[in-house]
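Taking it in order: structure first as structure tokens, then the write-up.
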Amino acid sequence: MEDERIGRLLEEHGDSYRTPANPPVERMWGAIEARLDGEAPRALAPVRRSWTRGLALAAMLLLGIGIGWTGARFAPAGGSALGAATGPEPLAVVPASLEEPSPFVGLARDYFQQTTSLVVALAGDLRGGSVPNGTIRQAQSLLSTTRLLLDGPLPEPAMRDLLQDLELVLAQVARLQAVRYQQPETQLIADAMDQREVLSRLTLIISDRETTP
Amino acid sequence: MTPTEERALVARVLEGSRQAARQLYDAHVARVHRLVFRIVRDDQLAEEFTQDAFVKVFGALKSFRGEAKLSTWIHRVAVTEALSGLRRLKRRAGREFDLDDAVGIAAPDRRIEPDLAERLHRAIDALPDVFRIPLVLHDLEGFTHSEIAQLTGSPEGTCKTRLMNARARLREALAAYAQ
């Protein structure tokens, strides 16, 4: 059978291929409205709206952890140099013999602030369905810093795990092409953040500290 | 709907009019649902992914610039959601999904119909997804090679080759009916 005949067959009979029964228009609209109103999670796939809101929260926790962690370097004996109202206490106590903050600490502090901003912006971009070039460039820059920090003296394995997952997400964002070619990569980024449970692991880090005497 | 009416409808949706959103939905749901169903070949999945598509459409509508027809843009969103949904399901089933996956997940059509149209439909269904989906998108739904390449994440040349393979397999399957 020639290709031309296949083409004709597809023209004549293709329209009737897998023609569904009448779609449940009202039921689907009800479910769509519920999701638009934030009432109902999706049955099969992760609820992207909730994790993107959680992503913003994770970003704020990340900033709090980072500031607290780097703030410990400046703490005199018996108290925090930043004061009691600056947020969570550091994940690890830095030796008080170090009187000068190391360049590594300054790098880490800047990194957490910039990463927090990026994560919050990314959450909004993914909700909108596309990531602008500015965010991609920032992710490329932060990716290099993430890898530098991973090579440095991290206080505990949980921080290393978190940085490794941030490395994964930043690498995915850094590889994105121009906006019109981004689908379905943005979905993969959303899935990666969801599967790696960034928010819940950050929560565990916080709760572990709170139970440590 | 004329382009002007379309723009006006989009503007009303973006202003928050639920009535306008429903109007947009009604204008496109049948076609979107059929498109998604042809890709996933399952009633429940088609319903779920159609919902996903419209939620995504309403969420991203402010980024629609009007360079393409609204229906074209909506259909692209729908295809993306269907393909992403299939990937998620196959990943959960323990297999990485890409269009090289040879096994579909839809229930087979078991009706016994001897006519040529039915043979054609069965032959299309029997194709691996890697060939079936480009065929459906190009020959049945009218997407261009460039659009299919973007939607599937494969180079345009690869998409064309897969389409050629799909047609070759159909020719083989329907050889007994060549007249």
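The way I read the labels, and the way they are meant: chains A, B, ... in the order of the structure tokens, residue 1 as the first residue of every chain, and ligand 1 as the first ligand shown, with later ones counted on from there.
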Considering only C-alpha atoms, return as a compact mmCIF listing (two decimals) with C-alpha atoms, in the first residue's frame whatever protein or nucleic-acid residues lie within 7 Å of stretch 132-136 of chain A, sequence-local ones (same chain, fewer than 4 positions apart) excluded.
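And here's result-v4.txt as it stands now:
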```
# COMPACT_ATOMS: atom_id res chain seq x y z
CA LEU A 118 15.20 33.01 43.14
CA GLN A 140 23.14 29.58 36.20
CA VAL A 173 16.39 25.83 35.38
CA ALA A 174 19.82 26.77 34.00
CA LEU A 176 15.95 25.91 30.04
CA VAL A 179 10.40 30.75 26.95
```
When the cut-off is 6 Å and we count only C-alpha atoms, which residues of chain A are near chain B, given as a VMD selection string?
chain A and resid 1 13 to 14 17 to 18 32 128 to 129
Would you export the selected residues with N, CA, C and O atoms as a PDB file, in the first residue's frame, please?
```pdb
ATOM      1  N   MET A   1       0.866  -1.210   0.000  1.00  0.00           N
ATOM      2  CA  MET A   1       0.000   0.000   0.000  1.00  0.00           C
ATOM      3  C   MET A   1       0.885   1.236   0.000  1.00  0.00           C
ATOM      4  O   MET A   1       1.814   1.331   0.785  1.00  0.00           O
ATOM      5  N   HIS A  13     -10.827   8.551   7.273  1.00  0.00           N
ATOM      6  CA  HIS A  13     -11.274   7.848   8.477  1.00  0.00           C
ATOM      7  C   HIS A  13     -10.580   8.301   9.754  1.00  0.00           C
ATOM      8  O   HIS A  13     -10.903   7.813  10.826  1.00  0.00           O
ATOM      9  N   GLY A  14      -9.631   9.200   9.649  1.00  0.00           N
ATOM     10  CA  GLY A  14      -8.907   9.617  10.842  1.00  0.00           C
ATOM     11  C   GLY A  14      -9.772  10.355  11.830  1.00  0.00           C
ATOM     12  O   GLY A  14      -9.571  10.276  13.042  1.00  0.00           O
ATOM     13  N   TYR A  17     -11.232   8.301  14.533  1.00  0.00           N
ATOM     14  CA  TYR A  17     -10.311   7.570  15.416  1.00  0.00           C
ATOM     15  C   TYR A  17     -10.480   8.042  16.848  1.00  0.00           C
ATOM     16  O   TYR A  17     -10.380   9.231  17.148  1.00  0.00           O
ATOM     17  N   ARG A  18     -10.715   7.100  17.742  1.00  0.00           N
ATOM     18  CA  ARG A  18     -10.778   7.386  19.176  1.00  0.00           C
ATOM     19  C   ARG A  18     -11.619   8.626  19.464  1.00  0.00           C
ATOM     20  O   ARG A  18     -11.173   9.576  20.112  1.00  0.00           O
ATOM     21  N   ILE A  32     -12.702  21.920  37.736  1.00  0.00           N
ATOM     22  CA  ILE A  32     -11.792  23.014  37.368  1.00  0.00           C
ATOM     23  C   ILE A  32     -12.053  24.213  38.273  1.00  0.00           C
ATOM     24  O   ILE A  32     -11.121  24.839  38.797  1.00  0.00           O
ATOM     25  N   GLY A 128       2.940  30.510  36.393  1.00  0.00           N
ATOM     26  CA  GLY A 128       2.573  31.143  35.136  1.00  0.00           C
ATOM     27  C   GLY A 128       2.890  30.301  33.919  1.00  0.00           C
ATOM     28  O   GLY A 128       2.440  30.602  32.821  1.00  0.00           O
ATOM     29  N   GLY A 129       3.692  29.227  34.110  1.00  0.00           N
ATOM     30  CA  GLY A 129       3.953  28.308  33.008  1.00  0.00           C
ATOM     31  C   GLY A 129       5.217  28.575  32.226  1.00  0.00           C
ATOM     32  O   GLY A 129       5.514  27.864  31.276  1.00  0.00           O
TER      33      GLY A 129
END
```
One-decimal distance in Å that lies between atom CA of B:His138 and atom CA of B:Leu163
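We find that atom CA of B:Leu163 and atom CA of B:His138 lie 8.1 Å from each other.
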